[in-house]
Each structure stands twice: as structure tokens, then as C-alpha cells.
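Student: Questions regarding the structure given below will be posed in turn.
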Amino acid sequence: MLLRFTLENIDSFKHATEFNMFPSSKSHNHETHKVICDYATVLRLSAIYGANGAGKSNLLRGIRLLKALVSTGTLTNVKFPDDLSFKFDRKCLEQPSEMAIEFFQNGKIFYYHIVFDKTRIYQEELYLSKKNKDIALFSRNGKLTINGEFLEKGVNEQFNDALDRLVRHDMLFLSFIGKYYPDEIPSVTDAYKWFIDRLEVVLPIYSAQAIPFLIDSDHEFANMVNSIMPEFNTGILRLKAKKEIINEDNIQSDSQLSSIVSKARQHPGEPQAMLFEKFGIPRNIVFVNGQVYSVTLVSIHSGNDGNEVEMPMEQESDGTRRIIEYMLLLYDIIYKAKVYVVDEIERSVHPILIKAIVRKLSHGNNMSGQLIFTTHESALLDQRIFRPDEIWFAQKDSEQATQLYTLSDFNIHKTANIENGYLGGRYGGIPFLSNLEDLNW
């Protein structure tokens, strides 16, 4: 579970700016949205609104950058944005950037903080967050210091000195331990695994590429998808995986397929995605029991005579395919306790359908993970779906720096129509337009 995220001198965030998932004492509806994480109470849902260019997507890109840093383990393997620092103040261009994140994993709350630029890590630290006093697991600020209390038995203090020499200034110590010494400091490995296994950042180019394979091989996932899809009235009765053997002649005559088949053989049982070029629809290549298979997805509709009709995915609308991709998101949030951070969740999806998806999570009692997303869709501003403290706004100040605040900062009656209030400009976070008549429009 994500508790809070802070960034400073990154993109449009000049000063240290915090986004958090803590409930406000002013909000009392949707009590099921709250979950206890050790000593802290955390919310499961959050929607972030703001005008175009206000910085809400930059917040999510910051989270994606931190995940990329931890996943790759070095600054040199990460593709940084051209303007990493806040560009409207020249002093910021000469200063490093900072990110900090607090999260819950395996019964413990961790706080991780990193100060860096594109070539060097200046400071890195990981704490166990406690109610009264935080406990350092390790810290780097010129010199590495490891808390010996968390070393496994048999690991002596010389381990600290050896690692201090091994970990270069462009490497993350958190990732180095998680990848190469997972048993020596188990608590650090727990924190590393949260980034790798629990946190998912979804940008508009997202495609859930393993869905055909999951529909074919994971009966729990297939049952969930086929119980939900009819609710969205897209005409789909259910989804089915179409599995076919790929013969050697086809492999040898197609260089792209040959490359993917080679990768599939190196990782038996793991689906390798091959996108149909025209539509970006995934086809999974998998090597199982000595045989290479192609797995694609087809939708089942009901014909006028009541018989079932198969349709390939390329004949479904963009919105329908987007909903199908979100089935993996729903599954992971409900059953796998994952944290999904989604940019522009409404892209290509009708407002009624995206509202139905979010409402399903809001009203259900089986949500084990979190969903955090940016959106322009005002139809989601509904107190029957969200608590006021789950709705955030991004707005730029006079320095062109992004500021974040929640709806619970305002006095909101539980019966108020917050959609109308938002569109009327009461809460900010909307574009300010010139008089178009004055522009001869």
C-alpha cells in the first residue's frame, strides 16, 4: 500500500510537494475504503484532477521514474526526461532532485528517500517507519552505513565496508541488496520487492499484453473477467483464448516471430507478447511441453438467432479493448493487493463505463490493493463513489510550480453535488480561458 509520495525539483514540482493516501478527520463516508497498515490508516482509492499542464501527470511520471530507478538499479539505465529539474528557476537547474515514498509491505511501513541528478546519487536512505521513532535500515551520504541489527546471523560488519566499495555513485543500494544479496538484509529486500512486485504505473500507452495467456491459463482470472464483462453492455458475452500450434515453417519465414519464439524457448511457460502492427492487439507466444503456441483473444457475442458469434479483437472498438485491458488491473487490485497508478484512466472509454469500473471498486468489499489515477472525467466526482479526501487537485501557482490539495480542504456537505462545484470553478483545478468572443471565435 502507498502511504505518501513527495517530490522536489522534478518537472513542474519546484518545492517539496506531497501526495498522500491518509484519510481526513472531516470525511466519514465509505468507511470500507480505509485499511489499517500497522499504526497508520490508509485509503484505497484516489482521483487526481487538474487542467491540462497543471502537473498531475508529472506526479505519476515521478512515481514511474522512482520505480524505474529501483527496477534497473542504476542511473545509467534509466531514460530521464530532458528537463528533469524545475526549469522556471535557474537555481533549480543547478540543484539535485529529490523523491521520497512511504509504503506498507509485509506488515511493515518503509520510508525511502533519494537525492540525485542524472549521473550521481547524493543521498539514499531507508527507514522502518514507526509511530514514535523511525529506525534507519541504511543510509548513504558520502559513506554507507548499515544498521547491524537487521543483518542476518553470520554477516559481519566487514560486509558494510565491502558494499561501500562495491556500490558506485550511480547505483541504488536498495536495488543492489534486493538483486544480489536478498538474504543478507531481509527488510531491505522486502522494500525492494514492493517496487518490483506490488507497484504498477500505467501511462496512456499501456497495454495489458499477457491477457490472452491469462484467459487461457488462469481460471480464476478468466472467471472474474467473464463475470464482469457482460455488466458493461458492450455486447460481449465472454472472452475466449484461441490457442494454436506454430509450425517451424511459419517461424523460419518470419524474422520477428522467430526472435520472439527464441525468447519464449528461453523462458518456458512465460508469455511473450507480439503486437499486431495495425491495432496494437497482443498475441502471446508461449513455449510449453516442448511445443510453441500462439494464443490470441476473441470475443463471444450473441447473434440475432441466439447463436454465439466469434469476433476477433480488431473488430472491437478502442473503448472495448481498453476495458478488456483494465480487467487485469481489477484482478490485481482485488486479488493481488497491487498498487495501480494510472494516468488518464478514462482514455477511449465512455464516461458511463469508466464510472461503472470505479464504482465497482468503490462499492466492493474485496479490494485488497489501491487505485490512484488522474482524470478529466467530471462524472466521477460523485460522493457516492469517493470520499472528499480521496479527490485531489493539481494547480500551478504564480511561479508555475504545481501545488496539490484535496477536496476535504473545503467545507463539503455530504449531499453536495461536487461535479457541479468543480465545473463551476469552486475548487480550482480547471482551465482559465480567455473570453473567446474577444478572440473573434
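Every chain in the C-alpha cells has a letter given in the order shown (A, B, ...), and although residue numbers restart at 1 in each chain, ligands are simply numbered from 1 in the order shown.
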Please provide as a PyMOL selection string all residues within 9 Å of segment 134-139 of chain A, with the sequence filter that same-chain residues fewer than 4 positions apart are discarded (counting only C-alpha atoms).

Tutor: chain A and resi 111+123-130+143-150+173-174+185+187-188

Student: Mind dumping the selected residues with N, CA and C atoms as a PDB file, in the first residue's frame?

Tutor:
ATOM      1  N   TYR A 111      10.034   3.898   4.748  1.00  0.00           N
ATOM      2  CA  TYR A 111      10.220   5.252   4.206  1.00  0.00           C
ATOM      3  C   TYR A 111      11.532   5.248   3.431  1.00  0.00           C
ATOM      4  N   GLN A 123      22.369  11.141  -1.941  1.00  0.00           N
ATOM      5  CA  GLN A 123      21.877  10.644  -0.647  1.00  0.00           C
ATOM      6  C   GLN A 123      20.827   9.568  -0.900  1.00  0.00           C
ATOM      7  N   GLU A 124      20.860   8.538  -0.088  1.00  0.00           N
ATOM      8  CA  GLU A 124      19.876   7.464  -0.172  1.00  0.00           C
ATOM      9  C   GLU A 124      19.699   6.889   1.218  1.00  0.00           C
ATOM     10  N   GLU A 125      18.445   6.683   1.614  1.00  0.00           N
ATOM     11  CA  GLU A 125      18.193   6.146   2.958  1.00  0.00           C
ATOM     12  C   GLU A 125      16.880   5.390   2.987  1.00  0.00           C
ATOM     13  N   LEU A 126      16.857   4.382   3.830  1.00  0.00           N
ATOM     14  CA  LEU A 126      15.663   3.563   4.022  1.00  0.00           C
ATOM     15  C   LEU A 126      15.428   3.401   5.514  1.00  0.00           C
ATOM     16  N   TYR A 127      14.181   3.688   5.937  1.00  0.00           N
ATOM     17  CA  TYR A 127      13.801   3.595   7.341  1.00  0.00           C
ATOM     18  C   TYR A 127      12.611   2.656   7.512  1.00  0.00           C
ATOM     19  N   LEU A 128      12.554   2.024   8.666  1.00  0.00           N
ATOM     20  CA  LEU A 128      11.307   1.433   9.124  1.00  0.00           C
ATOM     21  C   LEU A 128      10.553   2.531   9.855  1.00  0.00           C
ATOM     22  N   SER A 129       9.375   2.847   9.372  1.00  0.00           N
ATOM     23  CA  SER A 129       8.601   3.942   9.945  1.00  0.00           C
ATOM     24  C   SER A 129       7.789   3.425  11.132  1.00  0.00           C
ATOM     25  N   LYS A 130       8.032   4.005  12.277  1.00  0.00           N
ATOM     26  CA  LYS A 130       7.334   3.623  13.498  1.00  0.00           C
ATOM     27  C   LYS A 130       6.498   4.790  14.015  1.00  0.00           C
ATOM     28  N   LYS A 143      29.094   8.237   2.709  1.00  0.00           N
ATOM     29  CA  LYS A 143      29.524   6.937   3.219  1.00  0.00           C
ATOM     30  C   LYS A 143      28.302   6.094   3.545  1.00  0.00           C
ATOM     31  N   LEU A 144      28.402   4.803   3.270  1.00  0.00           N
ATOM     32  CA  LEU A 144      27.314   3.874   3.539  1.00  0.00           C
ATOM     33  C   LEU A 144      27.343   3.410   4.987  1.00  0.00           C
ATOM     34  N   THR A 145      26.168   3.447   5.628  1.00  0.00           N
ATOM     35  CA  THR A 145      26.027   2.936   6.986  1.00  0.00           C
ATOM     36  C   THR A 145      24.837   1.985   7.038  1.00  0.00           C
ATOM     37  N   ILE A 146      25.071   0.755   7.467  1.00  0.00           N
ATOM     38  CA  ILE A 146      24.022  -0.250   7.577  1.00  0.00           C
ATOM     39  C   ILE A 146      23.754  -0.522   9.045  1.00  0.00           C
ATOM     40  N   ASN A 147      22.481  -0.590   9.405  1.00  0.00           N
ATOM     41  CA  ASN A 147      22.095  -0.919  10.774  1.00  0.00           C
ATOM     42  C   ASN A 147      22.355  -2.411  11.000  1.00  0.00           C
ATOM     43  N   GLY A 148      23.343  -2.714  11.845  1.00  0.00           N
ATOM     44  CA  GLY A 148      23.748  -4.097  12.083  1.00  0.00           C
ATOM     45  C   GLY A 148      22.667  -4.968  12.677  1.00  0.00           C
ATOM     46  N   GLU A 149      21.672  -4.353  13.325  1.00  0.00           N
ATOM     47  CA  GLU A 149      20.601  -5.142  13.940  1.00  0.00           C
ATOM     48  C   GLU A 149      19.782  -5.900  12.897  1.00  0.00           C
ATOM     49  N   PHE A 150      19.823  -5.455  11.644  1.00  0.00           N
ATOM     50  CA  PHE A 150      18.992  -6.064  10.608  1.00  0.00           C
ATOM     51  C   PHE A 150      19.777  -6.990   9.681  1.00  0.00           C
ATOM     52  N   PHE A 173      21.626   1.526  -3.650  1.00  0.00           N
ATOM     53  CA  PHE A 173      21.936   0.470  -2.684  1.00  0.00           C
ATOM     54  C   PHE A 173      20.720  -0.429  -2.449  1.00  0.00           C
ATOM     55  N   LEU A 174      19.530   0.169  -2.432  1.00  0.00           N
ATOM     56  CA  LEU A 174      18.305  -0.614  -2.253  1.00  0.00           C
ATOM     57  C   LEU A 174      18.215  -1.712  -3.306  1.00  0.00           C
ATOM     58  N   ILE A 185      20.079  -8.842   4.161  1.00  0.00           N
ATOM     59  CA  ILE A 185      19.304  -7.819   4.888  1.00  0.00           C
ATOM     60  C   ILE A 185      17.843  -7.979   4.451  1.00  0.00           C
ATOM     61  N   SER A 187      14.893  -7.138   5.459  1.00  0.00           N
ATOM     62  CA  SER A 187      13.978  -5.994   5.485  1.00  0.00           C
ATOM     63  C   SER A 187      14.204  -5.086   4.278  1.00  0.00           C
ATOM     64  N   VAL A 188      15.449  -4.905   3.866  1.00  0.00           N
ATOM     65  CA  VAL A 188      15.741  -4.110   2.682  1.00  0.00           C
ATOM     66  C   VAL A 188      15.197  -4.808   1.440  1.00  0.00           C
TER      67      VAL A 188
END

Student: Once DSSP has gone over the backbone, tell me which residues of segment 176-330 of chain A are in helix (DSSP H, G or I), as a ChimeraX atom specification.

Tutor: /A:176-180,186-198,211-217,219-232,248-252,255-266,313-315,318-330

Student: What's the separation between atom CA of Lys414 of chain A and atom CA of Leu381 of chain A, in Å to one decimal place?

Tutor: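 One can read the atom CA of Lys414 of chain A to atom CA of Leu381 of chain A distance as 12.6 Å.
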
Student: Atom CA of Gly55 of chain A and atom CA of Ala394 of chain A, how far apart in Å?

Tutor: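 Here the two named atoms are 6.3 Å from each other.
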
Student: Please identify all polymer residues within 9 Å of segment 91-100 of chain A, counting only C-alpha atoms, omitting same-chain residues fewer than 3 positions from it, and present them as a ChimeraX atom specification.

Tutor: /A:4-10,14,16,62-63,66,83-88,111-118,121-122

Student: Could you please take those selected residues and save N, CA and C atoms as a PDB file, in the first residue's frame?

Tutor:
ATOM      1  N   ARG A   4       2.415   7.681   1.139  1.00  0.00           N
ATOM      2  CA  ARG A   4       2.668   9.050   0.680  1.00  0.00           C
ATOM      3  C   ARG A   4       3.831   9.062  -0.301  1.00  0.00           C
ATOM      4  N   PHE A   5       3.838  10.102  -1.129  1.00  0.00           N
ATOM      5  CA  PHE A   5       4.914  10.293  -2.104  1.00  0.00           C
ATOM      6  C   PHE A   5       5.222  11.780  -2.176  1.00  0.00           C
ATOM      7  N   THR A   6       6.500  12.116  -2.101  1.00  0.00           N
ATOM      8  CA  THR A   6       6.937  13.513  -2.135  1.00  0.00           C
ATOM      9  C   THR A   6       8.011  13.682  -3.206  1.00  0.00           C
ATOM     10  N   LEU A   7       7.934  14.773  -3.948  1.00  0.00           N
ATOM     11  CA  LEU A   7       8.975  15.058  -4.931  1.00  0.00           C
ATOM     12  C   LEU A   7       9.310  16.542  -4.901  1.00  0.00           C
ATOM     13  N   GLU A   8      10.562  16.827  -5.249  1.00  0.00           N
ATOM     14  CA  GLU A   8      11.068  18.202  -5.206  1.00  0.00           C
ATOM     15  C   GLU A   8      12.062  18.413  -6.342  1.00  0.00           C
ATOM     16  N   ASN A   9      11.912  19.550  -7.009  1.00  0.00           N
ATOM     17  CA  ASN A   9      12.776  19.905  -8.128  1.00  0.00           C
ATOM     18  C   ASN A   9      12.731  18.835  -9.224  1.00  0.00           C
ATOM     19  N   ILE A  10      11.525  18.407  -9.557  1.00  0.00           N
ATOM     20  CA  ILE A  10      11.301  17.442 -10.636  1.00  0.00           C
ATOM     21  C   ILE A  10      10.140  17.947 -11.493  1.00  0.00           C
ATOM     22  N   LYS A  14       8.536  22.382  -7.944  1.00  0.00           N
ATOM     23  CA  LYS A  14       9.716  23.129  -7.509  1.00  0.00           C
ATOM     24  C   LYS A  14      10.058  22.810  -6.061  1.00  0.00           C
ATOM     25  N   ALA A  16       9.237  20.907  -2.244  1.00  0.00           N
ATOM     26  CA  ALA A  16       8.783  19.591  -1.795  1.00  0.00           C
ATOM     27  C   ALA A  16       7.256  19.571  -1.719  1.00  0.00           C
ATOM     28  N   GLY A  62       6.693  10.985 -11.911  1.00  0.00           N
ATOM     29  CA  GLY A  62       7.670  10.917 -10.828  1.00  0.00           C
ATOM     30  C   GLY A  62       7.664   9.546 -10.164  1.00  0.00           C
ATOM     31  N   ILE A  63       6.472   9.008  -9.924  1.00  0.00           N
ATOM     32  CA  ILE A  63       6.374   7.668  -9.338  1.00  0.00           C
ATOM     33  C   ILE A  63       6.951   6.633 -10.293  1.00  0.00           C
ATOM     34  N   LEU A  66      10.753   6.768 -10.138  1.00  0.00           N
ATOM     35  CA  LEU A  66      11.298   6.111  -8.955  1.00  0.00           C
ATOM     36  C   LEU A  66      11.259   4.593  -9.114  1.00  0.00           C
ATOM     37  N   ASP A  83      14.148  17.645 -19.308  1.00  0.00           N
ATOM     38  CA  ASP A  83      14.149  18.633 -18.218  1.00  0.00           C
ATOM     39  C   ASP A  83      13.754  17.932 -16.929  1.00  0.00           C
ATOM     40  N   LEU A  84      14.724  17.328 -16.261  1.00  0.00           N
ATOM     41  CA  LEU A  84      14.423  16.642 -15.005  1.00  0.00           C
ATOM     42  C   LEU A  84      14.086  17.655 -13.920  1.00  0.00           C
ATOM     43  N   SER A  85      14.849  18.729 -13.850  1.00  0.00           N
ATOM     44  CA  SER A  85      14.666  19.732 -12.802  1.00  0.00           C
ATOM     45  C   SER A  85      13.584  20.735 -13.193  1.00  0.00           C
ATOM     46  N   PHE A  86      13.116  21.495 -12.204  1.00  0.00           N
ATOM     47  CA  PHE A  86      12.151  22.578 -12.426  1.00  0.00           C
ATOM     48  C   PHE A  86      12.826  23.657 -13.271  1.00  0.00           C
ATOM     49  N   LYS A  87      12.288  23.935 -14.450  1.00  0.00           N
ATOM     50  CA  LYS A  87      13.007  24.748 -15.431  1.00  0.00           C
ATOM     51  C   LYS A  87      12.683  26.238 -15.379  1.00  0.00           C
ATOM     52  N   PHE A  88      11.743  26.650 -14.536  1.00  0.00           N
ATOM     53  CA  PHE A  88      11.373  28.057 -14.489  1.00  0.00           C
ATOM     54  C   PHE A  88      12.201  28.851 -13.472  1.00  0.00           C
ATOM     55  N   TYR A 111      10.034   3.898   4.748  1.00  0.00           N
ATOM     56  CA  TYR A 111      10.220   5.252   4.206  1.00  0.00           C
ATOM     57  C   TYR A 111      11.532   5.248   3.431  1.00  0.00           C
ATOM     58  N   TYR A 112      11.456   5.567   2.128  1.00  0.00           N
ATOM     59  CA  TYR A 112      12.644   5.566   1.270  1.00  0.00           C
ATOM     60  C   TYR A 112      12.829   6.949   0.676  1.00  0.00           C
ATOM     61  N   HIS A 113      14.063   7.447   0.710  1.00  0.00           N
ATOM     62  CA  HIS A 113      14.366   8.817   0.281  1.00  0.00           C
ATOM     63  C   HIS A 113      15.629   8.788  -0.567  1.00  0.00           C
ATOM     64  N   ILE A 114      15.609   9.530  -1.686  1.00  0.00           N
ATOM     65  CA  ILE A 114      16.765   9.563  -2.570  1.00  0.00           C
ATOM     66  C   ILE A 114      16.959  10.974  -3.116  1.00  0.00           C
ATOM     67  N   VAL A 115      18.217  11.434  -3.144  1.00  0.00           N
ATOM     68  CA  VAL A 115      18.612  12.729  -3.706  1.00  0.00           C
ATOM     69  C   VAL A 115      19.580  12.435  -4.849  1.00  0.00           C
ATOM     70  N   PHE A 116      19.322  12.960  -6.047  1.00  0.00           N
ATOM     71  CA  PHE A 116      20.077  12.526  -7.220  1.00  0.00           C
ATOM     72  C   PHE A 116      20.006  13.555  -8.340  1.00  0.00           C
ATOM     73  N   ASP A 117      20.882  13.395  -9.302  1.00  0.00           N
ATOM     74  CA  ASP A 117      20.723  14.032 -10.608  1.00  0.00           C
ATOM     75  C   ASP A 117      20.890  12.934 -11.647  1.00  0.00           C
ATOM     76  N   LYS A 118      21.160  13.274 -12.891  1.00  0.00           N
ATOM     77  CA  LYS A 118      21.189  12.252 -13.942  1.00  0.00           C
ATOM     78  C   LYS A 118      22.427  11.367 -13.893  1.00  0.00           C
ATOM     79  N   ILE A 121      24.039   9.743  -7.346  1.00  0.00           N
ATOM     80  CA  ILE A 121      23.159   9.678  -6.181  1.00  0.00           C
ATOM     81  C   ILE A 121      23.896  10.314  -5.009  1.00  0.00           C
ATOM     82  N   TYR A 122      23.340  11.386  -4.478  1.00  0.00           N
ATOM     83  CA  TYR A 122      23.994  12.124  -3.408  1.00  0.00           C
ATOM     84  C   TYR A 122      23.587  11.604  -2.033  1.00  0.00           C
TER      85      TYR A 122
END

Student: From the options A:His30, A:Phe110, A:Leu404, A:Glu344, which residue's atoms come nearest to Arg384 of chain A, counting only C-alpha atoms?

Tutor: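 So, comparing all the options, the nearest one is A:His30.
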
Student: Could you produce a table of the residues of segment 193-284 of chain A lying within 7 Å of segment 325-341 of chain A, with the nearest pair of atoms per residue and their separation in Å rounded to one decimal, using only C-alpha atoms, ordered by chain and increasing residue number, as a Markdown table?

Tutor:
| residue | atom | partner | partner_atom | distance |
| --- | --- | --- | --- | --- |
| A:Arg198 | CA | A:Lys338 | CA | 4.6 |
| A:Leu199 | CA | A:Val339 | CA | 5.0 |
| A:Glu200 | CA | A:Tyr340 | CA | 4.9 |
| A:Val201 | CA | A:Val341 | CA | 4.8 |
| A:Val202 | CA | A:Val341 | CA | 6.0 |
| A:Ser207 | CA | A:Glu325 | CA | 6.5 |
| A:Ala208 | CA | A:Glu325 | CA | 5.2 |
| A:Phe221 | CA | A:Tyr331 | CA | 6.8 |
| A:Val225 | CA | A:Met327 | CA | 6.2 |

Student: For the selection just defined, write its residues with C-alpha atoms to a file, as a short mmCIF file (atom, residue, chain, number, x, y, z; two decimals), in the first residue's frame.

Tutor:
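And here's part-v8.cif as it stands now:
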data_model
loop_
_atom_site.label_atom_id
_atom_site.label_comp_id
_atom_site.auth_asym_id
_atom_site.auth_seq_id
_atom_site.Cartn_x
_atom_site.Cartn_y
_atom_site.Cartn_z
CA ARG A 198 3.42 -4.51 -5.99
CA LEU A 199 3.69 -1.13 -7.72
CA GLU A 200 2.32 -0.73 -11.27
CA VAL A 201 2.41 2.59 -13.13
CA VAL A 202 0.07 2.76 -16.14
CA SER A 207 -1.35 -2.42 -22.99
CA ALA A 208 -2.04 -5.48 -20.84
CA PHE A 221 -8.79 -14.60 -13.79
CA VAL A 225 -13.35 -11.35 -16.46
#

Student: Compare A:Ala68, A:Ile177, A:Ala273, A:Ala241 by their minimum atom-to-atom distance to Ile196 of chain A, counting only C-alpha atoms, and give me the closest one.

Tutor: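 Closest residue, counting only C-alpha atoms: A:Ala68.
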